[in-house]
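Structure file run.pdb (PDB, C-alpha atoms) is printed below.
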MODEL        1
ATOM      1  CA  MET P   1       0.000   0.000   0.000
ATOM      2  CA  ASP P   2       2.891   2.378   0.654
ATOM      3  CA  LYS P   3       4.134   1.778  -2.882
ATOM      4  CA  ALA P   4       0.765   2.692  -4.343
ATOM      5  CA  GLN P   5       0.675   5.978  -2.416
ATOM      6  CA  THR P   6       4.248   6.780  -3.518
ATOM      7  CA  PHE P   7       3.359   6.227  -7.184
ATOM      8  CA  THR P   8       0.258   8.396  -6.786
ATOM      9  CA  LEU P   9       2.283  11.237  -5.240
ATOM     10  CA  GLU P  10       4.912  10.934  -8.003
ATOM     11  CA  GLY P  11       2.171  11.099 -10.635
ATOM     12  CA  ILE P  12       0.564  14.170  -9.068
ATOM     13  CA  THR P  13       3.974  15.868  -8.721
ATOM     14  CA  ALA P  14       4.837  15.090 -12.377
ATOM     15  CA  ALA P  15       1.478  16.449 -13.531
ATOM     16  CA  ILE P  16       1.968  19.694 -11.565
ATOM     17  CA  ILE P  17       5.502  20.099 -12.967
ATOM     18  CA  LEU P  18       4.199  19.544 -16.528
ATOM     19  CA  LEU P  19       1.427  22.079 -15.972
ATOM     20  CA  LEU P  20       3.940  24.580 -14.615
ATOM     21  CA  VAL P  21       6.244  24.050 -17.603
ATOM     22  CA  MET P  22       3.369  24.410 -20.100
ATOM     23  CA  TYR P  23       2.061  27.532 -18.352
ATOM     24  CA  THR P  24       5.536  29.102 -18.369
ATOM     25  CA  PHE P  25       6.045  28.180 -22.018
ATOM     26  CA  PHE P  26       2.779  29.739 -23.198
ATOM     27  CA  GLN P  27       3.198  32.855 -21.074
ATOM     28  CA  THR P  28       6.693  33.631 -22.344
ATOM     29  CA  SER P  29       6.307  32.744 -26.017
ATOM     30  CA  LEU P  30       5.149  35.286 -28.566
ATOM     31  CA  VAL P  31       3.458  34.017 -31.652
ATOM     32  CA  VAL P  32       3.998  36.332 -34.599
ATOM     33  CA  SER P  33       1.919  35.776 -37.670
ATOM     34  CA  PRO P  34       1.240  38.264 -40.433
ATOM     35  CA  THR P  35      -2.230  39.607 -40.811
ATOM     36  CA  TRP P  36      -3.759  39.563 -44.253
ATOM     37  CA  SER P  37      -3.065  43.252 -44.858
ATOM     38  CA  GLU P  38       0.628  42.833 -44.017
ATOM     39  CA  LEU P  39       0.851  39.944 -46.445
ATOM     40  CA  THR P  40      -0.722  42.056 -49.182
ATOM     41  CA  ASP P  41       1.681  44.913 -48.417
ATOM     42  CA  ALA P  42       4.657  42.597 -48.818
ATOM     43  CA  GLN P  43       3.320  41.271 -52.121
ATOM     44  CA  LEU P  44       2.645  44.758 -53.475
ATOM     45  CA  ARG P  45       6.041  46.063 -52.366
ATOM     46  CA  LEU P  46       7.719  43.159 -54.142
ATOM     47  CA  LEU P  47       5.585  43.757 -57.241
ATOM     48  CA  ALA P  48       6.596  47.448 -57.297
ATOM     49  CA  GLN P  49      10.310  46.648 -56.908
ATOM     50  CA  ASP P  50      10.137  43.926 -59.573
ATOM     51  CA  ALA P  51       8.282  46.144 -62.045
ATOM     52  CA  LEU P  52      10.872  48.908 -61.677
ATOM     53  CA  LYS P  53      13.706  46.418 -62.014
ATOM     54  CA  VAL P  54      12.214  45.064 -65.260
ATOM     55  CA  LEU P  55      11.743  48.580 -66.627
ATOM     56  CA  ASP P  56      15.345  49.571 -65.817
ATOM     57  CA  ASN P  57      16.919  48.881 -69.203
ATOM     58  CA  SER P  58      19.739  51.099 -70.434
ATOM     59  CA  THR P  59      19.925  49.432 -73.858
ATOM     60  CA  LYS P  60      20.063  51.858 -76.747
ATOM     61  CA  VAL P  61      18.729  51.197 -80.245
ATOM     62  CA  ALA P  62      19.671  53.692 -82.969
ATOM     63  CA  ASN P  63      21.246  55.936 -80.306
ATOM     64  CA  SER P  64      18.061  56.248 -78.222
ATOM     65  CA  TYR P  65      16.638  54.344 -75.254
ATOM     66  CA  LEU P  66      13.729  51.954 -75.587
ATOM     67  CA  ASN P  67      10.443  53.777 -74.982
ATOM     68  CA  ASP P  68       9.212  51.155 -72.521
ATOM     69  CA  SER P  69      12.226  51.540 -70.203
ATOM     70  CA  LEU P  70      12.737  53.981 -67.344
ATOM     71  CA  GLN P  71      15.557  55.608 -69.305
ATOM     72  CA  GLY P  72      13.260  55.913 -72.338
ATOM     73  CA  LEU P  73      10.560  57.421 -70.130
ATOM     74  CA  ILE P  74      12.937  60.088 -68.804
ATOM     75  CA  SER P  75      14.560  60.831 -72.167
ATOM     76  CA  THR P  76      11.178  61.432 -73.862
ATOM     77  CA  LEU P  77       9.694  63.737 -71.204
ATOM     78  CA  ASP P  78       8.870  67.310 -72.151
ATOM     79  CA  GLN P  79       7.606  70.384 -70.306
ATOM     80  CA  ASP P  80       4.249  68.668 -69.649
ATOM     81  CA  LEU P  81       6.002  65.723 -67.950
ATOM     82  CA  LYS P  82       3.703  63.268 -69.681
ATOM     83  CA  PRO P  83       5.000  59.689 -70.091
ATOM     84  CA  ASN P  84       5.005  58.112 -73.520
ATOM     85  CA  LYS P  85       2.164  55.700 -74.353
ATOM     86  CA  GLU P  86       4.419  52.672 -74.831
ATOM     87  CA  PHE P  87       5.804  53.046 -71.311
ATOM     88  CA  ILE P  88       2.315  53.376 -69.783
ATOM     89  CA  LYS P  89       1.138  50.289 -71.658
ATOM     90  CA  THR P  90       4.092  48.232 -70.402
ATOM     91  CA  LEU P  91       3.697  49.476 -66.826
ATOM     92  CA  ASP P  92      -0.020  48.643 -66.894
ATOM     93  CA  LYS P  93       0.790  45.064 -67.876
ATOM     94  CA  LEU P  94       3.470  44.674 -65.206
ATOM     95  CA  VAL P  95       1.421  45.853 -62.227
ATOM     96  CA  PHE P  96      -2.038  44.579 -63.229
ATOM     97  CA  PRO P  97      -4.459  44.434 -61.345
ATOM     98  CA  ALA P  98      -2.986  47.015 -58.941
ATOM     99  CA  ASN P  99      -3.561  50.741 -59.280
ATOM    100  CA  TYR P 100      -0.505  52.978 -59.319
ATOM    101  CA  LYS P 101       0.993  56.435 -59.065
ATOM    102  CA  LEU P 102       4.342  57.268 -60.711
ATOM    103  CA  GLU P 103       6.712  60.037 -59.614
ATOM    104  CA  ILE P 104      10.280  61.086 -60.396
ATOM    105  CA  CYS P 105      12.700  63.211 -58.393
ATOM    106  CA  TRP P 106      16.007  64.723 -59.445
ATOM    107  CA  VAL P 107      18.532  67.349 -58.326
ATOM    108  CA  GLU P 108      18.463  70.682 -60.107
ATOM    109  CA  ARG P 109      20.673  73.603 -58.995
ATOM    110  CA  GLU P 110      21.223  72.050 -55.574
ATOM    111  CA  LYS P 111      17.478  71.595 -55.046
ATOM    112  CA  ILE P 112      15.488  68.405 -55.179
ATOM    113  CA  ARG P 113      12.608  68.586 -57.627
ATOM    114  CA  CYS P 114       9.835  66.028 -57.742
ATOM    115  CA  SER P 115       7.062  65.623 -60.218
ATOM    116  CA  VAL P 116       4.089  63.291 -60.503
ATOM    117  CA  LEU P 117       3.977  61.680 -63.936
ATOM    118  CA  ILE P 118       0.871  59.542 -63.463
ATOM    119  CA  GLN P 119      -1.540  60.833 -60.831
ATOM    120  CA  ASN P 120      -3.992  58.526 -59.083
ATOM    121  CA  ASN P 121      -5.214  58.756 -55.493
ATOM    122  CA  PRO P 122      -3.674  55.968 -53.399
ATOM    123  CA  THR P 123      -5.478  54.264 -50.549
ATOM    124  CA  PRO P 124      -4.016  54.231 -47.020
ATOM    125  CA  GLU P 125      -2.732  50.682 -47.622
ATOM    126  CA  ALA P 126      -0.560  51.775 -50.572
ATOM    127  CA  VAL P 127       3.120  50.817 -50.698
ATOM    128  CA  VAL P 128       6.032  52.503 -52.475
ATOM    129  CA  GLY P 129       8.827  50.964 -54.506
ATOM    130  CA  PHE P 130      11.673  53.049 -55.859
ATOM    131  CA  ARG P 131      14.678  52.779 -58.167
ATOM    132  CA  TYR P 132      17.576  55.124 -58.913
ATOM    133  CA  ILE P 133      18.438  55.802 -62.548
ATOM    134  CA  VAL P 134      21.713  57.458 -63.584
ATOM    135  CA  MET P 135      21.843  59.050 -67.016
ATOM    136  CA  PRO P 136      24.381  61.298 -68.738
ATOM    137  CA  LYS P 137      23.164  64.845 -69.273
ATOM    138  CA  SER P 138      23.631  64.461 -73.026
ATOM    139  CA  ASP P 139      20.792  61.879 -73.090
ATOM    140  CA  LEU P 140      18.310  64.153 -71.327
ATOM    141  CA  PRO P 141      15.759  66.413 -73.000
ATOM    142  CA  ARG P 142      16.189  70.188 -72.787
ATOM    143  CA  PHE P 143      13.689  70.290 -69.942
ATOM    144  CA  PHE P 144      16.435  68.942 -67.660
ATOM    145  CA  SER P 145      19.086  71.491 -68.739
ATOM    146  CA  ASP P 146      19.757  72.513 -65.121
ATOM    147  CA  ALA P 147      20.180  68.939 -63.878
ATOM    148  CA  GLU P 148      23.522  67.727 -62.585
ATOM    149  CA  ASP P 149      25.819  65.698 -64.869
ATOM    150  CA  PRO P 150      25.359  62.749 -64.651
ATOM    151  CA  ALA P 151      21.747  63.133 -63.599
ATOM    152  CA  VAL P 152      20.373  60.844 -60.908
ATOM    153  CA  PHE P 153      16.638  60.221 -60.922
ATOM    154  CA  GLU P 154      14.597  58.509 -58.251
ATOM    155  CA  VAL P 155      11.579  56.818 -59.785
ATOM    156  CA  ARG P 156       8.831  56.068 -57.240
ATOM    157  CA  LEU P 157       6.040  53.636 -57.973
ATOM    158  CA  THR P 158       3.148  53.614 -55.485
ATOM    159  CA  LEU P 159       0.868  50.565 -55.705
ATOM    160  CA  TRP P 160      -2.411  49.657 -54.048
ATOM    161  CA  ARG P 161      -5.199  47.151 -54.555
ATOM    162  CA  PRO P 162      -8.368  48.388 -56.265
TER
ENDMDL
END

Go ahead and render the structure in this file as structure tokens.
Amino acid sequence: MDKAQTFTLEGITAAIILLLVMYTFFQTSLVVSPTWSELTDAQLRLLAQDALKVLDNSTKVANSYLNDSLQGLISTLDQDLKPNKEFIKTLDKLVFPANYKLEICWVEREKIRCSVLIQNNPTPEAVVGFRYIVMPKSDLPRFFSDAEDPAVFEVRLTLWRP
């Protein structure tokens, strides 16, 4: 009978120790899992970065940049700062079905100038991807006559779900 009581006390003690260990484990651990909106943000941010990386193409054909590249976009801008249709068409395909806003910034006479090329109103969940483009001043339109040489442009692409 003494052995039976000893085994019972050992069992109760083991159960209490296991409960204490489990309680301590669950109280000190932090479970981190992304919410759906954070997952969407990560996907959109990656889509923006990938789209800009694909569009960054400094290849020249007949001494001019391809119209559907970031360099071609910048080299064909005029006073109205309106992107060429081929670039818009390519960008639409790359970021579909997301909505977007496109901006560029550059340094001009020691000041940073920014301009919106494609204006849409982003939602609060919008994310921004960016890419730096370096171009010689000789490849720029007259509009950028006061830009540094070589000119550095920051192209910002803001994406959000419709």

Within 8 Å of range 143-149 of chain P, counting all atoms listed in the file, which residues show up once you throw out same-chain ones fewer than 3 positions away? Write them as an mmCIF file with C-alpha atoms, in the frame of the given file, please.
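Heads up, here's the output in out09.cif:
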data_model
loop_
_atom_site.group_PDB
_atom_site.id
_atom_site.type_symbol
_atom_site.label_atom_id
_atom_site.label_comp_id
_atom_site.auth_asym_id
_atom_site.auth_seq_id
_atom_site.Cartn_x
_atom_site.Cartn_y
_atom_site.Cartn_z
ATOM 1 C CA LEU P 77 9.694 63.737 -71.204
ATOM 2 C CA ASP P 78 8.870 67.310 -72.151
ATOM 3 C CA GLN P 79 7.606 70.384 -70.306
ATOM 4 C CA TRP P 106 16.007 64.723 -59.445
ATOM 5 C CA VAL P 107 18.532 67.349 -58.326
ATOM 6 C CA GLU P 108 18.463 70.682 -60.107
ATOM 7 C CA ARG P 109 20.673 73.603 -58.995
ATOM 8 C CA PRO P 136 24.381 61.298 -68.738
ATOM 9 C CA LYS P 137 23.164 64.845 -69.273
ATOM 10 C CA LEU P 140 18.310 64.153 -71.327
ATOM 11 C CA VAL P 152 20.373 60.844 -60.908
#

Would you pick out the contacts of range 43-53 of chain P at 8 Å or less, using all atoms listed in the file, so that residues sharing its chain but fewer than 6 positions from it are not included, and give the list as an mmCIF file with C-alpha atoms, keeping the file's coordinate frame?
data_model
loop_
_atom_site.group_PDB
_atom_site.id
_atom_site.type_symbol
_atom_site.label_atom_id
_atom_site.label_comp_id
_atom_site.auth_asym_id
_atom_site.auth_seq_id
_atom_site.Cartn_x
_atom_site.Cartn_y
_atom_site.Cartn_z
ATOM 1 C CA LEU P 70 12.737 53.981 -67.344
ATOM 2 C CA LEU P 91 3.697 49.476 -66.826
ATOM 3 C CA LEU P 94 3.470 44.674 -65.206
ATOM 4 C CA VAL P 95 1.421 45.853 -62.227
ATOM 5 C CA VAL P 127 3.120 50.817 -50.698
ATOM 6 C CA VAL P 128 6.032 52.503 -52.475
ATOM 7 C CA GLY P 129 8.827 50.964 -54.506
ATOM 8 C CA PHE P 130 11.673 53.049 -55.859
ATOM 9 C CA ARG P 131 14.678 52.779 -58.167
ATOM 10 C CA LEU P 157 6.040 53.636 -57.973
ATOM 11 C CA THR P 158 3.148 53.614 -55.485
ATOM 12 C CA LEU P 159 0.868 50.565 -55.705
ATOM 13 C CA TRP P 160 -2.411 49.657 -54.048
#

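Distance annotation: of P:Leu9, P:Leu55, P:Cys105, P:Cys114, the residue with the minimal separation from Thr90 in chain P is P:Leu55; atom set is only C-alpha atoms.
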
*Mind checking which residues fall within 12 Å of Phe87 in chain P, counting only C-alpha atoms, ignoring those fewer than 6 positions away in the same chain, and posting them as a ChimeraX atom specification?*
/P:51-52,54-56,65-77,93-94,102,117-118

Please dump the current selection as a PDB file, keeping the file's coordinate frame; keep C-alpha atoms.
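Final file, part06.pdb:
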ATOM      1  CA  ALA P  51       8.282  46.144 -62.045  1.00  0.00           C
ATOM      2  CA  LEU P  52      10.872  48.908 -61.677  1.00  0.00           C
ATOM      3  CA  VAL P  54      12.214  45.064 -65.260  1.00  0.00           C
ATOM      4  CA  LEU P  55      11.743  48.580 -66.627  1.00  0.00           C
ATOM      5  CA  ASP P  56      15.345  49.571 -65.817  1.00  0.00           C
ATOM      6  CA  TYR P  65      16.638  54.344 -75.254  1.00  0.00           C
ATOM      7  CA  LEU P  66      13.729  51.954 -75.587  1.00  0.00           C
ATOM      8  CA  ASN P  67      10.443  53.777 -74.982  1.00  0.00           C
ATOM      9  CA  ASP P  68       9.212  51.155 -72.521  1.00  0.00           C
ATOM     10  CA  SER P  69      12.226  51.540 -70.203  1.00  0.00           C
ATOM     11  CA  LEU P  70      12.737  53.981 -67.344  1.00  0.00           C
ATOM     12  CA  GLN P  71      15.557  55.608 -69.305  1.00  0.00           C
ATOM     13  CA  GLY P  72      13.260  55.913 -72.338  1.00  0.00           C
ATOM     14  CA  LEU P  73      10.560  57.421 -70.130  1.00  0.00           C
ATOM     15  CA  ILE P  74      12.937  60.088 -68.804  1.00  0.00           C
ATOM     16  CA  SER P  75      14.560  60.831 -72.167  1.00  0.00           C
ATOM     17  CA  THR P  76      11.178  61.432 -73.862  1.00  0.00           C
ATOM     18  CA  LEU P  77       9.694  63.737 -71.204  1.00  0.00           C
ATOM     19  CA  LYS P  93       0.790  45.064 -67.876  1.00  0.00           C
ATOM     20  CA  LEU P  94       3.470  44.674 -65.206  1.00  0.00           C
ATOM     21  CA  LEU P 102       4.342  57.268 -60.711  1.00  0.00           C
ATOM     22  CA  LEU P 117       3.977  61.680 -63.936  1.00  0.00           C
ATOM     23  CA  ILE P 118       0.871  59.542 -63.463  1.00  0.00           C
TER      24      ILE P 118
END

*Computed interatomic separation between CA of Ile88 in chain P and CA of Gln119 in chain P (Å)*: 12.3 Å

*Starting from the shown file, work through the PyMOL selection byres ((chain P and resi 97) around 8) and note down what comes out as a count of residues only.*
6

_Residue among P:Glu10, P:Arg142, P:Arg156, P:Asn121 lying closest to Glu103 in chain P, counting all atoms listed in the file_ =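 The closest residue to Glu103 in chain P is P:Arg156.
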
Could you write out as lines of an AutoDock Vina configuration file the box around range 104-119 of chain P (axis-aligned, all atoms listed in the file, 5 Å on each side), with centre and edge lengths in Å to one decimal?
center_x = 9.8
center_y = 66.6
center_z = -59.5
size_x = 32.8
size_y = 24.1
size_z = 18.9

*To one decimal place, how far is CA of Lys60 in chain P from CA of Glu110 in chain P in Å?*
29.3 Å

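Between CA of Pro122 in chain P and CA of Val134 in chain P the interatomic distance comes to 27.4 Å.
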
*So which one's closest to Ser138 in chain P, P:Gln27, P:Asn84, P:Ser64, P:Asn57? Using all atoms listed in the file, please.*
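So, comparing all the options, the nearest one is P:Ser64.
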